[in-house]
Number of protein chains: 2
Amino acid sequence: MLGILRKKPVDKLIEVLGKGRVKTSLVERKLYAYDATPIPIERALPSAVVFPESHEEVTLLVKVCYEEGIPIFPRGAGSGLTGGAVPTLEKGVVVSFERMNRFELNLDNATAEVQPGVITAQFQEQVERLGLFYPPDPSSYKYSTLGGNIAENAGGPRCLKYGVTREYVLGLTAVVKEGQTLRTGNPVIKDVAGYDITKLLVGSEGTLGLITSATLKLIPKPKARSTALALFNNLEDVGRAVTKIFTSGIFPSALEFMDSDAIRAVEDYKPVGLPRVEALLLIEVDGSPQGVAEDIKGIEELLKPMGVEVRTARSKEEEEKLWSARKSLGPALGNLRSGKINEDIVIPRIYLSEAIPRFREIARKYELLMVIFGHIGDGNLHVNLLYDKSNPEEEHRAERAVDEVFEVALRYQGSITGEHGVGLTKKKFLKWQFGEVGYELLKGIKMLFDPKNLFNPGKVVEL
Amino acid sequence: MLGILRKKPVDKLIEVLGKGRVKTSLVERKLYAYDATPIPIERALPSAVVFPESHEEVTLLVKVCYEEGIPIFPRGAGSGLTGGAVPTLEKGVVVSFERMNRFELNLDNATAEVQPGVITAQFQEQVERLGLFYPPDPSSYKYSTLGGNIAENAGGPRCLKYGVTREYVLGLTAVVKEGQTLRTGNPVIKDVAGYDITKLLVGSEGTLGLITSATLKLIPKPKARSTALALFNNLEDVGRAVTKIFTSGIFPSALEFMDSDAIRAVEDYKPVGLPRVEALLLIEVDGSPQGVAEDIKGIEELLKPMGVEVRTARSKEEEEKLWSARKSLGPALGNLRSGKINEDIVIPRIYLSEAIPRFREIARKYELLMVIFGHIGDGNLHVNLLYDKSNPEEEHRAERAVDEVFEVALRYQGSITGEHGVGLTKKKFLKWQFGEVGYELLKGIKMLFDPKNLFNPGKVVEL
């Protein structure tokens, strides 16, 4: 009898939030059980998908979940690559922030108040229309959300000069613990009061609480931008060229690296006339119009004595062509093989010419095609392992190869992730990177914010 | 009998570290019981001053302190203004890092490995000699240490464009808990693995553990720099001018604000010919030589229609004169009154013209002289309350006035500290700024890293 009378946890959510906020159809539960992770991961159908529209509704739903012991799986656009947004427990609910998509710009303060569901590109467009700039540029920016970007501490090519998402988050409102409201920071750039809880929440991948709004920093939008292409006949010169540029006082806004296989992949897929060299650097500078011209000329003069040819985009079209080559790398690789594991490891750039041959050895050992490109200025390399999806044995080999790629990254004082986060897929390597003392502190922090382990449980740290 | 045989805790330190590392003379204990805090604070003579020379020695000393329950008071140069380095318990030991002052630059990686006792200015000189740049510029940089800067998350005028110390700390080695070694981060710019413990330690004011080395990020050193002076006849125009500059795409490397009293103080003390206006902005831009010239011209053109006169430094000498005016403000104020409380509150710059009259009201109410200057671009205002040190009643009034200054800062969505940290003097306001939920989390973090509350106890948070 009691069993029949007792309400199901999901019914309690509906009772508190209203039917319009809680979806339980099989279609919706299935739709929200995925993200963009390219490899097989543990996943479960959630018991419901919840669509809060305000901080208050998020508070209510967390309270119910905490009372009922329902795991909470927060979700931005689901464009993550490490399983961060995927529900892994059947009792769990997915919390989609797509209806919390408002933002307010304060031009005079150069700040913005944003809800987590705002699409990054839409926000950036509006900001730039007013002459300001929000630099973080994950390649998913056209559909990913600011909430997802904050949860993952997203970055892209421009982060070399401008820093990652973390550097632009001045304050947060979040729901933590059993439904408590936490406010951190202020709409000011400088604030050294207390421990930096704001930056602790950035990059926490939804495991410490649910972010319901953020105060973002905006900066002046550079007036001009220019791109050059540097062609290298050997790998060692790439690092040397970067040092020369840096120590000359030129701070590029992006330094993108492509190896010979990456060049070939692009040219085979959608030819833009990239030269067949050992490696190339796509160099972007920004600033005032005259400053930009001066910097490009400076780069030409610096690299010429090294025997490195520098080609400058002479028009907007040529520039776009160069960048489209870089941006078409993803689809180009998809053209080579049906399966692709794109790992975003980081290596100090001094070890680049040593580490890349190690990666190639791994590819040879597992008989896989490997393409390397990435953001050389900040050491963030995308090591792509390509395989035939219809061949489970090859897929398995690719997964084993990835483990060794991580090992090389850590051996060279690098990181297992520069952009994609830990989520589910990199969990086992996190302990290695942090060591026991650090890992215990991560667990302690998790338990402090989420004593019942209900916020995105099983992601990032294992309790 | 037992009492005689039992060793004093300090003897145990000597036994483990050797006599050369542990000083117990009254002179030394007295010398290390002070910092630069201008107001009376709680302080105690420490039982000893310890001078470790390596990470291993720091580990040994923390282990002894943890076993014996000895409070640990870490100290950089003692230039802090909020009592952060001051010992407050007689059983405590001061840990001076002055003998851990080595650093190593990695030009090709644009990073540095530094020990905590390195003097900031000496480090910066060496970095700049190689064509790189470490921007954080607290006004104490000539004598303060990198360890102290990291503990306080130090900043200065240039942080508007370049960010505070936190943005340059890529990784840390620290001794936490009962003597455990914690390593965080790597010599890479991008790293999103796990929670950001590095940034949590930055600005923790020595309360979470002892930092024994840091990996710092270096950036290209701008080739040129130029300064202009903008003269305002009313306060409201200052904010408007900043917005105009920002939205035009010009990103100044510093935007320093002086009110009419600050101008008068400088001119009375050491005249440089500053005009007697309501307010002035010292605007610095940096970048490539042509870019800098273009920006200065742009600023002139932007502000002219507002009726704001812009004077450009035509020579290195004129430029230095302008900056010396800004830098002589501290001594100039000392010339006006014997006592000075310099509060580093932060206010969103949109509220500047509203908040400044509120501050003036406080000064009138307590019959004190007040001078306001600061870093307007990031909202960090130095509100100086001047008083006669030989008059205890006036000193007391100044202290009460400070409380109200903080209240105004918090009312306008600001912070109680943009540069100086919380230490002892701002503790009571921290709870107000963080709210109960946030403050409980701060306490939880403190207990996680320092379960016995021995690292700089009684600073920042009150357990």
# chains A, B, ... in the order shown; residues from 1 in each chain; ligands from 1
$ residues_around --residues "stretch 197-199 of chain A" --least-positions-apart "2" --cutoff "7 Å" --atoms "only C-alpha atoms" --output "NGL selection string"
(:A and (166 or 171-172 or 184-185 or 195 or 201-202)) or (:B and (196 or 199))
$ select_by_dssp --residues "stretch 113-306 of chain B" --states "alpha helix (DSSP H)" --output "VMD selection string"
chain B and resid 120 to 129 146 to 152 159 to 162 197 to 201 236 to 247 260 to 269 289 to 303
$ closest_residue --among "A:Leu322, A:Ile356, A:Ala293, A:Ala228" --to "chain B" --atoms "only C-alpha atoms"
A:Ala293
$ atom_distance --atom1 "atom CA of A:Phe133" --atom2 "atom CA of B:Gly249"
8.9 Å
$ residues_around --residues "A:Tyr66" --least-positions-apart "6" --cutoff "12 Å" --atoms "only C-alpha atoms" --output "number ranges by chain"
A: 9, 12-13, 59-60, 72, 92-93, 175-180, 209, 450-455
$ write_last_selection --atoms "N, CA, C and O atoms" --output "PDB file, in the first residue's frame"
ATOM      1  N   PRO A   9      10.043  10.253  -6.964  1.00  0.00           N
ATOM      2  CA  PRO A   9      10.815  11.500  -6.837  1.00  0.00           C
ATOM      3  C   PRO A   9      10.494  12.492  -7.957  1.00  0.00           C
ATOM      4  O   PRO A   9      10.371  13.688  -7.712  1.00  0.00           O
ATOM      5  N   LYS A  12       7.533  14.604  -7.431  1.00  0.00           N
ATOM      6  CA  LYS A  12       7.766  15.696  -6.491  1.00  0.00           C
ATOM      7  C   LYS A  12       8.360  16.910  -7.219  1.00  0.00           C
ATOM      8  O   LYS A  12       8.033  18.054  -6.911  1.00  0.00           O
ATOM      9  N   LEU A  13       9.206  16.635  -8.188  1.00  0.00           N
ATOM     10  CA  LEU A  13       9.763  17.728  -8.994  1.00  0.00           C
ATOM     11  C   LEU A  13       8.645  18.433  -9.753  1.00  0.00           C
ATOM     12  O   LEU A  13       8.593  19.665  -9.807  1.00  0.00           O
ATOM     13  N   THR A  59      16.904  26.561  -7.464  1.00  0.00           N
ATOM     14  CA  THR A  59      16.971  26.309  -6.024  1.00  0.00           C
ATOM     15  C   THR A  59      15.933  25.257  -5.609  1.00  0.00           C
ATOM     16  O   THR A  59      16.241  24.308  -4.883  1.00  0.00           O
ATOM     17  N   LEU A  60      14.703  25.433  -6.106  1.00  0.00           N
ATOM     18  CA  LEU A  60      13.643  24.475  -5.768  1.00  0.00           C
ATOM     19  C   LEU A  60      13.996  23.064  -6.217  1.00  0.00           C
ATOM     20  O   LEU A  60      13.829  22.097  -5.478  1.00  0.00           O
ATOM     21  N   ILE A  72      21.921  14.955 -10.089  1.00  0.00           N
ATOM     22  CA  ILE A  72      21.628  16.107 -10.956  1.00  0.00           C
ATOM     23  C   ILE A  72      22.696  16.184 -12.043  1.00  0.00           C
ATOM     24  O   ILE A  72      23.884  16.312 -11.743  1.00  0.00           O
ATOM     25  N   GLY A  92      18.715   9.707 -12.040  1.00  0.00           N
ATOM     26  CA  GLY A  92      19.114  11.099 -12.217  1.00  0.00           C
ATOM     27  C   GLY A  92      18.191  11.932 -13.095  1.00  0.00           C
ATOM     28  O   GLY A  92      17.414  11.402 -13.886  1.00  0.00           O
ATOM     29  N   VAL A  93      18.286  13.249 -12.926  1.00  0.00           N
ATOM     30  CA  VAL A  93      17.601  14.158 -13.840  1.00  0.00           C
ATOM     31  C   VAL A  93      18.641  15.012 -14.559  1.00  0.00           C
ATOM     32  O   VAL A  93      19.674  15.360 -13.987  1.00  0.00           O
ATOM     33  N   VAL A 175      23.810  27.553  -7.112  1.00  0.00           N
ATOM     34  CA  VAL A 175      23.082  26.819  -6.081  1.00  0.00           C
ATOM     35  C   VAL A 175      23.960  25.652  -5.659  1.00  0.00           C
ATOM     36  O   VAL A 175      24.374  24.852  -6.505  1.00  0.00           O
ATOM     37  N   VAL A 176      24.298  25.604  -4.385  1.00  0.00           N
ATOM     38  CA  VAL A 176      25.209  24.569  -3.895  1.00  0.00           C
ATOM     39  C   VAL A 176      24.546  23.800  -2.748  1.00  0.00           C
ATOM     40  O   VAL A 176      23.453  24.154  -2.298  1.00  0.00           O
ATOM     41  N   LYS A 177      25.236  22.782  -2.321  1.00  0.00           N
ATOM     42  CA  LYS A 177      24.779  21.955  -1.188  1.00  0.00           C
ATOM     43  C   LYS A 177      23.305  21.560  -1.345  1.00  0.00           C
ATOM     44  O   LYS A 177      22.881  21.179  -2.424  1.00  0.00           O
ATOM     45  N   GLU A 178      22.520  21.706  -0.290  1.00  0.00           N
ATOM     46  CA  GLU A 178      21.127  21.246  -0.361  1.00  0.00           C
ATOM     47  C   GLU A 178      20.177  22.311  -0.914  1.00  0.00           C
ATOM     48  O   GLU A 178      18.983  22.275  -0.664  1.00  0.00           O
ATOM     49  N   GLY A 179      20.722  23.248  -1.704  1.00  0.00           N
ATOM     50  CA  GLY A 179      19.870  24.264  -2.312  1.00  0.00           C
ATOM     51  C   GLY A 179      20.203  25.667  -1.824  1.00  0.00           C
ATOM     52  O   GLY A 179      19.400  26.591  -1.962  1.00  0.00           O
ATOM     53  N   GLN A 180      21.383  25.834  -1.280  1.00  0.00           N
ATOM     54  CA  GLN A 180      21.797  27.156  -0.796  1.00  0.00           C
ATOM     55  C   GLN A 180      22.280  28.034  -1.944  1.00  0.00           C
ATOM     56  O   GLN A 180      22.886  27.549  -2.891  1.00  0.00           O
ATOM     57  N   GLY A 209      28.104  22.445  -8.000  1.00  0.00           N
ATOM     58  CA  GLY A 209      26.862  23.183  -7.851  1.00  0.00           C
ATOM     59  C   GLY A 209      26.357  23.606  -9.217  1.00  0.00           C
ATOM     60  O   GLY A 209      27.005  23.345 -10.236  1.00  0.00           O
ATOM     61  N   ASP A 450      29.194  19.646  -2.058  1.00  0.00           N
ATOM     62  CA  ASP A 450      28.157  18.686  -2.458  1.00  0.00           C
ATOM     63  C   ASP A 450      28.245  17.458  -1.557  1.00  0.00           C
ATOM     64  O   ASP A 450      28.637  16.378  -1.991  1.00  0.00           O
ATOM     65  N   PRO A 451      27.831  17.621  -0.283  1.00  0.00           N
ATOM     66  CA  PRO A 451      28.057  16.547   0.693  1.00  0.00           C
ATOM     67  C   PRO A 451      27.403  15.220   0.314  1.00  0.00           C
ATOM     68  O   PRO A 451      27.874  14.170   0.722  1.00  0.00           O
ATOM     69  N   LYS A 452      26.310  15.262  -0.454  1.00  0.00           N
ATOM     70  CA  LYS A 452      25.646  13.999  -0.813  1.00  0.00           C
ATOM     71  C   LYS A 452      26.096  13.470  -2.174  1.00  0.00           C
ATOM     72  O   LYS A 452      25.524  12.506  -2.686  1.00  0.00           O
ATOM     73  N   ASN A 453      27.055  14.149  -2.792  1.00  0.00           N
ATOM     74  CA  ASN A 453      27.539  13.725  -4.116  1.00  0.00           C
ATOM     75  C   ASN A 453      26.405  13.578  -5.123  1.00  0.00           C
ATOM     76  O   ASN A 453      26.260  12.540  -5.773  1.00  0.00           O
ATOM     77  N   LEU A 454      25.630  14.639  -5.273  1.00  0.00           N
ATOM     78  CA  LEU A 454      24.508  14.594  -6.218  1.00  0.00           C
ATOM     79  C   LEU A 454      24.721  15.486  -7.441  1.00  0.00           C
ATOM     80  O   LEU A 454      24.008  15.355  -8.426  1.00  0.00           O
ATOM     81  N   PHE A 455      25.673  16.420  -7.390  1.00  0.00           N
ATOM     82  CA  PHE A 455      25.923  17.283  -8.559  1.00  0.00           C
ATOM     83  C   PHE A 455      26.868  16.583  -9.528  1.00  0.00           C
ATOM     84  O   PHE A 455      28.052  16.418  -9.247  1.00  0.00           O
TER      85      PHE A 455
END
$ residues_around --residues "stretch 107-119 of chain B" --least-positions-apart "2" --cutoff "8 Å" --atoms "only C-alpha atoms" --output "PyMOL selection string"
(chain A and resi 239-240+242-243+348-350) or (chain B and resi 76+97-105+121-123+130+132+141-148+187+211-219)
$ select_by_dssp --residues "stretch 90-190 of chain A" --states "strand (DSSP E)" --output "VMD selection string"
chain A and resid 93 to 96 103 to 106 111 to 114 132 to 133 169 to 176 180 to 185
$ atom_distance --atom1 "atom CA of A:Asp35" --atom2 "atom CA of A:Val94"
12.0 Å
$ residues_around --residues "B:Arg400" --least-positions-apart "2" --cutoff "12 Å" --atoms "only C-alpha atoms" --output "PyMOL selection string"
chain B and resi 39+341+362-363+365-368+385+393-398+402-407
$ closest_residue --among "B:Ser253, B:Ser47, B:Asn456, B:Ser353" --to "B:Gly377" --atoms "only C-alpha atoms"
B:Ser253
$ atom_distance --atom1 "atom CA of B:Gly458" --atom2 "atom CA of B:His420"
16.7 Å
$ residues_around --residues "A:Glu436" --least-positions-apart "5" --cutoff "10 Å" --atoms "only C-alpha atoms" --output "mmCIF file with N, CA and C atoms, in the first residue's frame"
data_model
loop_
_atom_site.group_PDB
_atom_site.id
_atom_site.type_symbol
_atom_site.label_atom_id
_atom_site.label_comp_id
_atom_site.auth_asym_id
_atom_site.auth_seq_id
_atom_site.Cartn_x
_atom_site.Cartn_y
_atom_site.Cartn_z
ATOM 1 N N LYS A 431 44.097 11.509 -11.273
ATOM 2 C CA LYS A 431 44.831 11.171 -10.056
ATOM 3 C C LYS A 431 46.341 11.205 -10.331
ATOM 4 N N LEU A 441 42.646 16.584 -1.881
ATOM 5 C CA LEU A 441 42.091 17.939 -1.718
ATOM 6 C C LEU A 441 40.923 18.151 -2.677
ATOM 7 N N LEU A 442 41.050 17.651 -3.917
ATOM 8 C CA LEU A 442 39.941 17.755 -4.869
ATOM 9 C C LEU A 442 38.697 17.083 -4.281
ATOM 10 N N GLN B 180 52.522 17.759 4.174
ATOM 11 C CA GLN B 180 52.422 17.097 2.874
ATOM 12 C C GLN B 180 52.820 18.048 1.748
ATOM 13 N N THR B 181 53.428 17.486 0.719
ATOM 14 C CA THR B 181 53.804 18.289 -0.442
ATOM 15 C C THR B 181 52.688 18.275 -1.472
ATOM 16 N N LEU B 182 52.248 19.473 -1.848
ATOM 17 C CA LEU B 182 51.206 19.610 -2.870
ATOM 18 C C LEU B 182 51.832 20.262 -4.092
ATOM 19 N N ARG B 183 51.662 19.619 -5.252
ATOM 20 C CA ARG B 183 52.101 20.234 -6.510
ATOM 21 C C ARG B 183 50.883 20.469 -7.374
#
$ closest_residue --among "A:Val50, A:Ala193, A:Ala409, A:Val461" --to "A:Val62" --atoms "only C-alpha atoms"
A:Val50
$ closest_residue --among "A:Lys7, A:Arg276, A:Arg75, A:Arg264" --to "A:Phe232" --atoms "only C-alpha atoms"
A:Arg276
$ residues_around --residues "A:Lys30" --least-positions-apart "6" --cutoff "12 Å" --atoms "only C-alpha atoms" --output "list in words"
Lys23, Thr24, Arg43, Ala44, Leu45, Pro46, Ser47, Ala48, Val49, Val86, Pro87, Glu90, Val93 and Val94 of chain A
$ write_last_selection --atoms "C-alpha atoms" --output "PDB file, in the first residue's frame"
ATOM      1  CA  LYS A  23       9.711  16.354 -19.200  1.00  0.00           C
ATOM      2  CA  THR A  24       9.519  12.614 -18.796  1.00  0.00           C
ATOM      3  CA  ARG A  43      25.533   6.481 -19.839  1.00  0.00           C
ATOM      4  CA  ALA A  44      21.991   6.032 -18.520  1.00  0.00           C
ATOM      5  CA  LEU A  45      18.545   7.287 -19.464  1.00  0.00           C
ATOM      6  CA  PRO A  46      17.623   9.956 -16.928  1.00  0.00           C
ATOM      7  CA  SER A  47      14.295   9.761 -15.127  1.00  0.00           C
ATOM      8  CA  ALA A  48      13.410  13.258 -16.350  1.00  0.00           C
ATOM      9  CA  VAL A  49      14.725  16.372 -18.062  1.00  0.00           C
ATOM     10  CA  VAL A  86      25.926  12.826 -19.881  1.00  0.00           C
ATOM     11  CA  PRO A  87      23.631  11.288 -17.242  1.00  0.00           C
ATOM     12  CA  GLU A  90      18.840   6.145 -14.044  1.00  0.00           C
ATOM     13  CA  VAL A  93      17.601  14.158 -13.840  1.00  0.00           C
ATOM     14  CA  VAL A  94      19.187  16.215 -16.577  1.00  0.00           C
TER      15      VAL A  94
END
$ closest_residue --among "A:Ala77, A:Leu352, A:Leu281, A:Val64" --to "chain B" --atoms "only C-alpha atoms"
A:Leu352
